[in-house]
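S.K.: Below is the file target_34.txt, which contains compact mmCIF, C-alpha atoms.
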# COMPACT_ATOMS: atom_id res chain seq x y z
CA MET A 162 -19.35 10.54 11.48
CA LEU A 163 -18.76 14.02 12.71
CA ASP A 164 -15.46 15.42 13.71
CA GLU A 165 -15.08 14.48 17.32
CA GLU A 166 -12.59 13.54 19.93
CA CYS A 167 -12.19 9.85 20.47
CA ALA A 168 -11.72 7.85 23.62
CA ARG A 169 -10.50 10.53 25.96
CA GLY A 170 -11.77 10.66 29.51
CA PRO A 171 -10.12 12.17 32.57
CA GLY A 172 -7.12 10.38 34.02
CA ARG A 173 -5.51 7.39 32.45
CA LEU A 174 -7.06 5.90 29.31
CA ARG A 175 -8.68 2.57 30.15
CA VAL A 176 -7.81 0.12 27.40
CA ALA A 177 -9.25 -3.35 26.79
CA VAL A 178 -7.38 -5.78 24.54
CA LEU A 179 -9.16 -8.54 22.61
CA VAL A 180 -7.05 -11.51 21.59
CA SER A 181 -7.32 -14.97 20.07
CA GLY A 182 -3.79 -16.32 20.03
CA ASN A 183 -0.18 -15.74 20.91
CA GLY A 184 -0.69 -12.12 21.87
CA THR A 185 2.55 -10.51 20.73
CA ASN A 186 0.75 -7.22 20.16
CA LEU A 187 -0.70 -7.49 23.67
CA GLN A 188 2.88 -7.98 24.88
CA ALA A 189 3.95 -4.85 23.02
CA LEU A 190 1.22 -2.91 24.82
CA ILE A 191 2.19 -4.43 28.18
CA ASP A 192 5.81 -3.44 27.58
CA ALA A 193 4.88 0.07 26.42
CA PHE A 194 2.44 0.74 29.25
CA PRO A 195 3.65 -0.78 32.52
CA LYS A 196 1.44 -0.79 35.60
CA ASP A 197 2.51 2.69 36.69
CA ASP A 198 2.24 4.30 33.24
CA PRO A 199 0.64 7.74 33.64
CA ARG A 200 -1.23 7.62 30.32
CA VAL A 201 -2.67 4.16 29.76
CA GLU A 202 -4.13 1.43 31.96
CA LEU A 203 -4.66 -2.01 30.44
CA VAL A 204 -7.87 -2.92 32.26
CA VAL A 205 -8.80 -6.30 30.79
CA VAL A 206 -7.76 -8.88 28.25
CA VAL A 207 -10.59 -10.84 26.62
CA SER A 208 -9.93 -13.95 24.55
CA ASN A 209 -12.36 -15.99 22.49
CA GLN A 210 -9.96 -18.94 22.80
CA ALA A 211 -9.36 -20.50 26.21
CA GLU A 212 -5.91 -21.76 25.18
CA ALA A 213 -4.61 -18.44 23.83
CA PHE A 214 -1.11 -17.77 25.13
CA ALA A 215 -2.12 -14.12 25.35
CA LEU A 216 -4.02 -15.05 28.53
CA GLU A 217 -0.76 -16.19 30.10
CA ARG A 218 0.84 -12.90 29.10
CA ALA A 219 -2.01 -11.04 30.83
CA ARG A 220 -1.62 -13.17 33.96
CA ARG A 221 2.13 -12.51 34.13
CA ALA A 222 1.49 -8.78 33.76
CA GLY A 223 -1.18 -8.79 36.46
CA ILE A 224 -3.98 -7.82 34.09
CA GLY A 225 -7.39 -9.36 34.60
CA SER A 226 -8.60 -11.56 31.77
CA ARG A 227 -11.76 -13.27 30.59
CA VAL A 228 -12.53 -15.99 28.10
CA ILE A 229 -15.71 -15.43 26.13
CA HIS A 230 -16.08 -18.14 23.56
CA HIS A 231 -18.21 -17.21 20.58
CA ARG A 232 -19.36 -20.83 20.29
CA ASP A 233 -21.10 -20.54 23.65
CA PHE A 234 -23.63 -18.11 22.16
CA ALA A 235 -26.53 -18.72 19.82
CA SER A 236 -25.83 -15.61 17.73
CA ARG A 237 -23.13 -13.08 17.06
CA ALA A 238 -25.26 -10.41 18.70
CA GLU A 239 -25.45 -12.40 21.94
CA PHE A 240 -21.70 -13.03 21.88
CA GLU A 241 -21.09 -9.32 21.38
CA ASP A 242 -23.56 -8.41 24.13
CA ALA A 243 -21.54 -10.56 26.54
CA LEU A 244 -18.34 -8.97 25.28
CA ALA A 245 -19.73 -5.46 25.65
CA LEU A 246 -20.90 -6.23 29.18
CA VAL A 247 -17.40 -7.21 30.28
CA LEU A 248 -15.85 -4.22 28.56
CA ARG A 249 -18.33 -1.86 30.21
CA GLU A 250 -17.84 -3.48 33.62
CA ARG A 251 -14.13 -2.75 33.30
CA GLY A 252 -14.81 0.81 32.15
CA ALA A 253 -12.99 0.35 28.84
CA GLN A 254 -12.61 3.58 26.88
CA LEU A 255 -10.68 2.07 23.99
CA VAL A 256 -10.96 -1.49 22.69
CA VAL A 257 -7.92 -2.83 20.85
CA LEU A 258 -8.23 -5.90 18.66
CA ALA A 259 -4.77 -7.47 18.79
CA GLY A 260 -4.93 -10.63 16.75
CA PHE A 261 -8.62 -11.09 17.58
CA MET A 262 -9.87 -13.42 14.89
CA ARG A 263 -13.60 -12.67 14.88
CA LEU A 264 -15.42 -10.07 12.82
CA LEU A 265 -17.36 -7.71 15.06
CA GLY A 266 -20.76 -6.32 14.18
CA ALA A 267 -23.13 -3.56 15.12
CA THR A 268 -23.89 -4.87 18.61
CA LEU A 269 -20.38 -4.27 19.87
CA LEU A 270 -19.47 -1.39 17.60
CA ASP A 271 -22.59 0.60 18.52
CA ALA A 272 -21.74 0.06 22.19
CA PHE A 273 -18.25 1.55 21.65
CA PRO A 274 -18.61 3.99 18.77
CA GLN A 275 -15.22 5.05 17.42
CA ARG A 276 -13.63 3.23 20.32
CA VAL A 277 -12.65 -0.04 18.64
CA ILE A 278 -9.39 -0.28 16.72
CA ASN A 279 -7.61 -3.12 14.95
CA VAL A 280 -4.13 -3.76 13.64
CA HIS A 281 -3.89 -5.46 10.26
CA PRO A 282 -0.65 -6.80 8.74
CA ALA A 283 -0.89 -5.00 5.39
CA LEU A 284 -1.14 -1.50 3.98
CA CYS A 285 -4.93 -1.25 3.81
CA PRO A 286 -6.82 -1.28 1.48
CA ALA A 287 -4.34 -3.79 0.06
CA PHE A 288 -4.57 -7.42 1.19
CA PRO A 289 -7.49 -7.45 3.65
CA GLY A 290 -8.48 -10.56 5.56
CA LEU A 291 -6.53 -13.68 6.42
CA ASP A 292 -2.90 -14.43 5.57
CA ALA A 293 -2.09 -10.88 4.50
CA PRO A 294 1.70 -11.45 4.34
CA ARG A 295 1.15 -14.47 2.09
CA GLN A 296 -1.25 -12.44 -0.05
CA ALA A 297 1.38 -9.72 -0.46
CA LEU A 298 4.05 -12.24 -1.46
CA GLU A 299 1.80 -14.03 -3.93
CA HIS A 300 0.84 -10.69 -5.47
CA GLY A 301 4.51 -9.85 -5.90
CA ALA A 302 4.30 -6.62 -3.91
CA ARG A 303 7.68 -4.97 -3.27
CA LEU A 304 6.63 -3.62 0.08
CA SER A 305 3.90 -4.11 2.63
CA GLY A 306 3.38 -3.03 6.20
CA CYS A 307 0.73 -2.67 8.84
CA THR A 308 -2.33 -0.54 9.42
CA VAL A 309 -4.06 0.52 12.63
CA HIS A 310 -7.65 1.39 11.79
CA PHE A 311 -11.05 1.90 13.32
CA VAL A 312 -13.24 -1.19 13.10
CA ASP A 313 -16.36 -0.63 11.04
CA GLY A 314 -17.89 -4.05 10.54
CA GLY A 315 -16.08 -4.78 7.27
CA THR A 316 -12.91 -6.81 6.95
CA ASP A 317 -10.08 -4.34 7.63
CA THR A 318 -12.03 -1.55 5.93
CA GLY A 319 -12.44 1.10 8.62
CA PRO A 320 -10.93 4.60 8.72
CA ILE A 321 -7.14 4.38 8.82
CA ILE A 322 -5.32 5.89 11.80
CA ALA A 323 -1.72 5.00 11.02
CA GLN A 324 0.34 2.91 8.65
CA SER A 325 3.89 1.70 8.71
CA VAL A 326 5.84 0.30 5.75
CA VAL A 327 8.14 -2.69 5.61
CA PRO A 328 10.18 -3.85 2.61
CA ILE A 329 9.70 -7.27 1.05
CA ALA A 330 12.97 -9.12 0.48
CA PRO A 331 13.52 -11.39 -2.54
CA ASP A 332 13.89 -14.47 -0.34
CA ASP A 333 10.98 -13.73 1.98
CA ASP A 334 8.40 -16.37 2.76
CA ALA A 335 5.15 -15.75 4.61
CA THR A 336 6.86 -16.42 7.95
CA SER A 337 9.80 -14.05 7.50
CA LEU A 338 7.61 -11.31 6.06
CA GLY A 339 4.98 -11.86 8.75
CA ASP A 340 7.66 -11.55 11.43
CA ARG A 341 8.95 -8.30 9.93
CA ILE A 342 5.45 -6.86 9.73
CA ARG A 343 4.73 -7.94 13.28
CA ARG A 344 7.77 -6.04 14.54
CA ALA A 345 6.38 -2.93 12.81
CA GLU A 346 3.02 -3.55 14.49
CA HIS A 347 4.70 -3.76 17.89
CA ALA A 348 6.03 -0.23 17.38
CA LEU A 349 2.94 1.27 15.73
CA LEU A 350 0.14 -0.04 17.93
CA PRO A 351 1.43 1.37 21.25
CA LEU A 352 2.12 4.68 19.48
CA VAL A 353 -1.49 4.89 18.29
CA VAL A 354 -2.80 3.98 21.75
CA SER A 355 -0.66 6.77 23.20
CA TRP A 356 -2.27 9.21 20.72
CA PHE A 357 -5.69 8.19 22.02
CA SER A 358 -4.51 8.66 25.60
CA GLU A 359 -3.48 12.20 24.67
CA GLY A 360 -6.84 12.92 22.98
CA ARG A 361 -5.16 13.60 19.66
CA VAL A 362 -7.20 11.39 17.32
CA ARG A 363 -9.99 12.99 15.26
CA VAL A 364 -12.25 11.42 12.64
CA THR A 365 -14.04 13.23 9.81
CA GLY A 366 -15.78 10.81 7.50
CA ARG A 367 -13.12 8.34 6.47
CA ARG A 368 -10.22 10.71 7.20
CA VAL A 369 -8.48 10.51 10.52
CA SER A 370 -6.21 13.26 11.73
CA VAL A 371 -3.76 13.15 14.58
CA LEU A 372 -3.30 16.48 16.29
CA PRO A 373 0.23 17.63 17.11
CA ALA A 374 1.48 16.65 20.55
CA HIS A 375 0.79 19.03 23.45
CA THR A 376 -2.10 20.82 21.73
CA THR A 377 -4.70 19.04 23.84
CA ARG A 378 -4.86 17.34 27.12
CA MET B 234 5.68 -16.88 -17.32
CA LEU B 235 9.01 -18.57 -16.90
CA ASP B 236 11.97 -17.03 -15.22
CA GLU B 237 13.72 -15.11 -17.94
CA GLU B 238 15.77 -12.08 -18.65
CA CYS B 239 13.78 -9.11 -19.82
CA ALA B 240 14.57 -6.50 -22.40
CA ARG B 241 18.29 -6.87 -22.66
CA GLY B 242 19.99 -6.81 -26.02
CA PRO B 243 23.57 -5.89 -26.85
CA GLY B 244 24.56 -2.23 -26.62
CA ARG B 245 22.32 0.47 -25.29
CA LEU B 246 18.76 -0.43 -24.32
CA ARG B 247 16.35 1.02 -26.88
CA VAL B 248 13.41 2.52 -24.99
CA ALA B 249 10.12 3.78 -26.42
CA VAL B 250 7.94 6.04 -24.30
CA LEU B 251 4.15 6.21 -24.73
CA VAL B 252 2.46 9.38 -23.53
CA SER B 253 -0.90 11.15 -23.56
CA GLY B 254 -0.31 14.44 -21.78
CA ASN B 255 2.17 16.67 -20.03
CA GLY B 256 4.94 14.11 -20.01
CA THR B 257 6.72 14.84 -16.76
CA ASN B 258 7.79 11.20 -16.51
CA LEU B 259 9.12 11.42 -20.05
CA GLN B 260 11.09 14.49 -18.91
CA ALA B 261 12.50 12.52 -15.98
CA LEU B 262 13.72 9.87 -18.45
CA ILE B 263 15.17 12.54 -20.77
CA ASP B 264 17.00 14.09 -17.83
CA ALA B 265 18.24 10.73 -16.55
CA PHE B 266 19.37 9.45 -19.96
CA PRO B 267 20.85 12.23 -22.07
CA LYS B 268 21.78 11.62 -25.70
CA ASP B 269 25.22 10.26 -24.88
CA ASP B 270 24.07 8.00 -22.03
CA PRO B 271 25.92 4.67 -22.33
CA ARG B 272 23.02 2.56 -21.03
CA VAL B 273 19.76 3.82 -22.49
CA GLU B 274 18.66 5.36 -25.77
CA LEU B 275 15.21 6.93 -25.95
CA VAL B 276 14.33 5.95 -29.50
CA VAL B 277 10.79 7.24 -29.95
CA VAL B 278 7.96 9.01 -28.15
CA VAL B 279 4.45 8.01 -29.22
CA SER B 280 1.41 10.00 -28.18
CA ASN B 281 -2.25 9.17 -28.71
CA GLN B 282 -3.01 12.89 -28.30
CA ALA B 283 -1.73 15.38 -30.89
CA GLU B 284 -1.72 18.23 -28.40
CA ALA B 285 0.23 16.42 -25.66
CA PHE B 286 2.99 18.67 -24.30
CA ALA B 287 5.11 15.54 -24.06
CA LEU B 288 5.61 15.83 -27.83
CA GLU B 289 7.22 19.23 -27.34
CA ARG B 290 9.50 17.73 -24.68
CA ALA B 291 10.55 15.04 -27.17
CA ARG B 292 11.23 17.68 -29.85
CA ARG B 293 13.38 19.76 -27.50
CA ALA B 294 15.35 16.65 -26.56
CA GLY B 295 15.86 15.67 -30.18
CA ILE B 296 13.84 12.45 -29.87
CA GLY B 297 11.67 11.38 -32.78
CA SER B 298 7.97 11.31 -32.03
CA ARG B 299 4.76 10.02 -33.57
CA VAL B 300 1.09 10.69 -32.98
CA ILE B 301 -1.10 7.62 -33.30
CA HIS B 302 -4.64 8.50 -32.37
CA HIS B 303 -6.75 5.60 -31.21
CA ARG B 304 -9.84 7.24 -32.73
CA ASP B 305 -8.34 6.83 -36.20
CA PHE B 306 -8.71 3.06 -35.94
CA ALA B 307 -11.77 0.87 -36.13
CA SER B 308 -10.68 -1.38 -33.28
CA ARG B 309 -8.25 -1.52 -30.41
CA ALA B 310 -6.39 -4.31 -32.19
CA GLU B 311 -5.82 -2.14 -35.27
CA PHE B 312 -4.67 0.76 -33.10
CA GLU B 313 -2.25 -1.55 -31.32
CA ASP B 314 -1.02 -3.03 -34.60
CA ALA B 315 -0.12 0.47 -35.76
CA LEU B 316 1.54 1.17 -32.43
CA ALA B 317 3.52 -2.08 -32.55
CA LEU B 318 4.65 -1.32 -36.09
CA VAL B 319 6.16 2.01 -35.06
CA LEU B 320 7.78 0.47 -32.00
CA ARG B 321 9.30 -2.34 -34.07
CA GLU B 322 10.51 0.10 -36.75
CA ARG B 323 12.37 1.95 -34.03
CA GLY B 324 13.76 -1.28 -32.58
CA ALA B 325 12.23 -0.69 -29.16
CA GLN B 326 13.35 -3.23 -26.59
CA LEU B 327 11.43 -1.71 -23.69
CA VAL B 328 8.13 0.18 -23.89
CA VAL B 329 7.43 2.60 -21.06
CA LEU B 330 3.91 3.89 -20.48
CA ALA B 331 4.43 7.31 -18.93
CA GLY B 332 1.01 8.81 -18.42
CA PHE B 333 -0.37 6.90 -21.40
CA MET B 334 -4.12 6.91 -20.85
CA ARG B 335 -5.23 3.88 -22.89
CA LEU B 336 -5.52 0.31 -21.73
CA LEU B 337 -3.42 -1.97 -23.91
CA GLY B 338 -4.51 -5.45 -24.94
CA ALA B 339 -3.08 -8.66 -26.30
CA THR B 340 -2.17 -7.26 -29.72
CA LEU B 341 0.52 -4.98 -28.35
CA LEU B 342 1.44 -7.02 -25.28
CA ASP B 343 1.99 -10.19 -27.31
CA ALA B 344 4.23 -8.21 -29.66
CA PHE B 345 6.38 -7.08 -26.70
CA PRO B 346 6.11 -9.82 -24.10
CA GLN B 347 7.45 -8.68 -20.73
CA ARG B 348 8.70 -5.56 -22.43
CA VAL B 349 5.91 -3.10 -21.52
CA ILE B 350 5.98 -1.31 -18.17
CA ASN B 351 3.77 1.32 -16.58
CA VAL B 352 4.06 3.71 -13.68
CA HIS B 353 0.96 4.08 -11.51
CA PRO B 354 0.53 6.72 -8.79
CA ALA B 355 -0.41 4.37 -5.95
CA LEU B 356 0.95 1.38 -4.06
CA CYS B 357 -0.60 -1.37 -6.17
CA PRO B 358 -2.86 -3.26 -5.63
CA ALA B 359 -4.33 -0.29 -3.75
CA PHE B 360 -6.15 2.38 -5.78
CA PRO B 361 -5.94 1.15 -9.38
CA GLY B 362 -7.26 3.20 -12.28
CA LEU B 363 -7.99 6.88 -12.61
CA ASP B 364 -7.45 9.57 -9.99
CA ALA B 365 -5.40 7.37 -7.70
CA PRO B 366 -4.26 10.25 -5.42
CA ARG B 367 -7.88 11.31 -4.95
CA GLN B 368 -8.86 7.71 -4.25
CA ALA B 369 -6.16 7.47 -1.58
CA LEU B 370 -7.31 10.69 0.08
CA GLU B 371 -10.97 9.72 0.01
CA HIS B 372 -10.10 6.35 1.50
CA GLY B 373 -8.24 8.10 4.30
CA ALA B 374 -4.95 6.30 3.64
CA ARG B 375 -2.01 7.60 5.69
CA LEU B 376 0.48 6.92 2.95
CA SER B 377 0.55 6.17 -0.73
CA GLY B 378 3.22 6.09 -3.39
CA CYS B 379 3.93 4.83 -6.85
CA THR B 380 4.40 1.49 -8.53
CA VAL B 381 6.31 0.52 -11.66
CA HIS B 382 4.86 -2.73 -12.99
CA PHE B 383 4.65 -4.90 -16.07
CA VAL B 384 1.53 -4.28 -18.10
CA ASP B 385 -0.67 -7.34 -18.32
CA GLY B 386 -3.92 -6.16 -19.85
CA GLY B 387 -5.63 -5.37 -16.54
CA THR B 388 -5.82 -1.95 -14.94
CA ASP B 389 -2.55 -1.57 -13.02
CA THR B 390 -2.57 -5.28 -12.14
CA GLY B 391 0.67 -6.61 -13.65
CA PRO B 392 3.71 -7.98 -11.81
CA ILE B 393 5.26 -5.29 -9.63
CA ILE B 394 8.86 -4.27 -10.30
CA ALA B 395 9.34 -1.47 -7.78
CA GLN B 396 7.37 0.67 -5.36
CA SER B 397 8.12 3.90 -3.58
CA VAL B 398 6.22 5.31 -0.60
CA VAL B 399 5.12 8.88 0.05
CA PRO B 400 3.40 10.17 3.18
CA ILE B 401 -0.05 11.77 3.06
CA ALA B 402 -0.22 15.06 4.95
CA PRO B 403 -3.35 16.13 6.88
CA ASP B 404 -3.90 19.13 4.60
CA ASP B 405 -3.23 17.33 1.32
CA ASP B 406 -5.61 17.64 -1.57
CA ALA B 407 -5.48 15.59 -4.75
CA THR B 408 -3.15 18.12 -6.36
CA SER B 409 -0.60 18.33 -3.57
CA LEU B 410 -0.58 14.58 -3.06
CA GLY B 411 -0.44 13.97 -6.81
CA ASP B 412 2.57 16.30 -7.06
CA ARG B 413 4.37 14.50 -4.24
CA ILE B 414 3.71 11.10 -5.81
CA ARG B 415 4.85 12.38 -9.20
CA ARG B 416 8.18 13.45 -7.73
CA ALA B 417 8.59 9.90 -6.42
CA GLU B 418 7.76 8.57 -9.88
CA HIS B 419 10.41 10.80 -11.43
CA ALA B 420 13.02 9.11 -9.25
CA LEU B 421 11.70 5.55 -9.47
CA LEU B 422 10.97 5.21 -13.19
CA PRO B 423 14.49 6.05 -14.46
CA LEU B 424 15.91 3.74 -11.80
CA VAL B 425 13.79 0.85 -13.05
CA VAL B 426 14.72 1.59 -16.68
CA SER B 427 18.38 1.50 -15.67
CA TRP B 428 17.80 -1.95 -14.12
CA PHE B 429 16.44 -3.17 -17.44
CA SER B 430 19.44 -1.68 -19.24
CA GLU B 431 21.68 -3.71 -16.94
CA GLY B 432 19.71 -6.91 -17.54
CA ARG B 433 18.86 -7.22 -13.87
CA VAL B 434 15.08 -7.72 -13.97
CA ARG B 435 13.70 -11.27 -13.72
CA VAL B 436 10.09 -12.45 -13.58
CA THR B 437 8.81 -15.69 -12.07
CA GLY B 438 5.04 -15.87 -12.09
CA ARG B 439 3.92 -12.66 -10.38
CA ARG B 440 7.18 -12.18 -8.50
CA VAL B 441 9.81 -9.91 -9.96
CA SER B 442 13.36 -9.96 -8.71
CA VAL B 443 16.05 -7.42 -9.36
CA LEU B 444 19.51 -8.93 -9.39
CA PRO B 445 22.32 -7.14 -7.56
CA ALA B 446 24.29 -4.65 -9.64
CA HIS B 447 27.33 -5.93 -11.53
CA THR B 448 26.25 -9.58 -11.46
CA THR B 449 25.22 -9.47 -15.13
CA ARG B 450 25.97 -7.50 -18.16
Can the structure in the file be given as structure tokens, please?
M.R.:
Amino acid sequence: MLDEECARGPGRLRVAVLVSGNGTNLQALIDAFPKDDPRVELVVVVSNQAEAFALERARRAGIGSRVIHHRDFASRAEFEDALALVLRERGAQLVVLAGFMRLLGATLLDAFPQRVINVHPALCPAFPGLDAPRQALEHGARLSGCTVHFVDGGTDTGPIIAQSVVPIAPDDDATSLGDRIRRAEHALLPLVVSWFSEGRVRVTGRRVSVLPAHTTR
Amino acid sequence: MLDEECARGPGRLRVAVLVSGNGTNLQALIDAFPKDDPRVELVVVVSNQAEAFALERARRAGIGSRVIHHRDFASRAEFEDALALVLRERGAQLVVLAGFMRLLGATLLDAFPQRVINVHPALCPAFPGLDAPRQALEHGARLSGCTVHFVDGGTDTGPIIAQSVVPIAPDDDATSLGDRIRRAEHALLPLVVSWFSEGRVRVTGRRVSVLPAHTTR
């Protein structure tokens, strides 16, 4: 990857959110960027699960949504082609995976190069994959946190944009730690999306830099 | 491992420090626990490198030191037997690896069960092994830190006692980040040793708990 500006067009940044479940990170974005927000427009919510409560959150917020079920497609590439079509139709400039429980591959990522980000409930590269809070507890880590990173086809392996730390308490279980990490995600993810809307995110190889505020528009 | 108290005998805690180089973490312990400290006595410094500056630090602080060079022994077990002999002679109750650049095996660890701790310049399990600050930079992590953990024969894999976070700045190189992490180590390592001196460290499986102050003696 060369050093380049990511996901910055004229006007408001058009953001798509991919979900699979409850959608609390979607809710954090909805709360951070209301309909009249000058920086960010949430243009579509796509779920691969018809029963995801995130779809109800989108409806209540007046954001269009689509269900694209991966099981309806013969291959991952065809699923991702359908996904990319919807995202393009809606003019998405940034694609946020917010509890989206499918690995994405080259078909989608090549369609949105350096435009797909994910939030993972651990301090990457520690504890990738499923059940990260439980992994952290079972490892005996004294702290954990969350990571917003570019998606690169691996499991939570892409270039890291931002990380936020949370302590682990002696009496934590996976639920209490997961809740604490999720609250950190709800603060970090909208912040990162705002950086994209301000054109402040740069990538050089694996290193991401965030330019100071007000240096670009 | 069963839940048990670690490294707490009557009187001052007798601490041995193993070094290989400059010994800045040894210096942090010397500064934190002067000769008349009521909690901790630094009883011996052992280096596997004759030219380690840490030996000079020990001399200036009036702490006995020994050089035990691993190359003088036919096997790791014999090296560790010699090491264990010196540590036992000095009555060490806690063995602190402070920049000690040899992996230790069962011979030493079985002689000092749950009595050997290490400080690693990363947030374990991220970035184990050599050049951890460089690893963190090359990975593009946004933060790193240090970990004090029990030594278990793996590379920086043992149960975690304490962790401290440091930010990574956009213009960091391995030296500047390493320096920042080292300063965090210099605060964290003496703190952990003081916990041992107060009998507050418990281990259950991989999970370490630190009891509140003044609940034990």
S.K.: Compute the chain A side of the contact with chain B at 9 Å, counting only C-alpha atoms, and hand it back as JSON, numbers by chain.
M.R.: {"A": [284, 285, 286, 287, 288, 298, 299, 300, 301, 302, 303, 304, 308, 320, 321, 322, 323, 324, 325, 326, 331, 366, 367, 368, 369, 370, 371]}
S.K.: Could you check how far CA of Leu349 in chain A sits from CA of Gly315 in chain A, in Å to one decimal?
M.R.: 21.7 Å
S.K.: Hey, can you pull every residue with an atom no more than 12 Å from (2.5, -7.7, 27.2), using only C-alpha atoms, and send it as a PyMOL selection string?
M.R.: chain A and resi 178+180+183-196+203+205-206+214-224+259+347+351
S.K.: Pick from B:Pro445, B:Ser430, B:Ala283, B:Gly411: nearest to Pro271 in chain B, with all atoms listed in the file counted?
M.R.: B:Ser430
S.K.: What separation in Å, quoted to one decimal, exists between CA of Ala253 in chain A and CA of Arg343 in chain A?
M.R.: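 Result for CA of Ala253 in chain A versus CA of Arg343 in chain A: 25.0 Å, one decimal.
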S.K.: Considering all atoms listed in the file, return as a list of chain:residue names whatever protein or nucleic-acid residues lie within 10 Å of His447 in chain B, sequence-local ones (same chain, fewer than 3 positions apart) excluded.
M.R.: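 Those residues are B:Glu431, B:Gly432, B:Arg433, B:Leu444, B:Arg450.
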S.K.: Between CA of Ala355 in chain B and CA of Asp405 in chain B, what is the spacing in Å?
M.R.: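 So the two atoms, CA of Asp405 in chain B and CA of Ala355 in chain B, lie 15.1 Å apart.
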S.K.: Fewer than 2 positions away in the same chain doesn't count, so skip those; otherwise give me all residues within 9 Å of Gly252 in chain A, counting only C-alpha atoms, as a ChimeraX atom specification.
M.R.: /A:175-177,204,247-250,254
S.K.: Would you kindly return, as a list in words, each protein, DNA or RNA residue with an atom no farther than 7 Å from any atom of Leu251 in chain B, considering all atoms listed in the file and excluding same-chain residues fewer than 3 positions away?
M.R.: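 So the residues in contact are Val278, Val279, Ser280, Val329, Leu330, Ala331 and Phe333 of chain B.
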S.K.: For those residues, write C-alpha atoms to a file as a short mmCIF file (atom, residue, chain, number, x, y, z; two decimals), in the coordinates of the input.
M.R.:
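Everything below was put into selection-v1.cif:
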data_model
loop_
_atom_site.label_atom_id
_atom_site.label_comp_id
_atom_site.auth_asym_id
_atom_site.auth_seq_id
_atom_site.Cartn_x
_atom_site.Cartn_y
_atom_site.Cartn_z
CA VAL B 278 7.96 9.01 -28.15
CA VAL B 279 4.45 8.01 -29.22
CA SER B 280 1.41 10.00 -28.18
CA VAL B 329 7.43 2.60 -21.06
CA LEU B 330 3.91 3.89 -20.48
CA ALA B 331 4.43 7.31 -18.93
CA PHE B 333 -0.37 6.90 -21.40
#
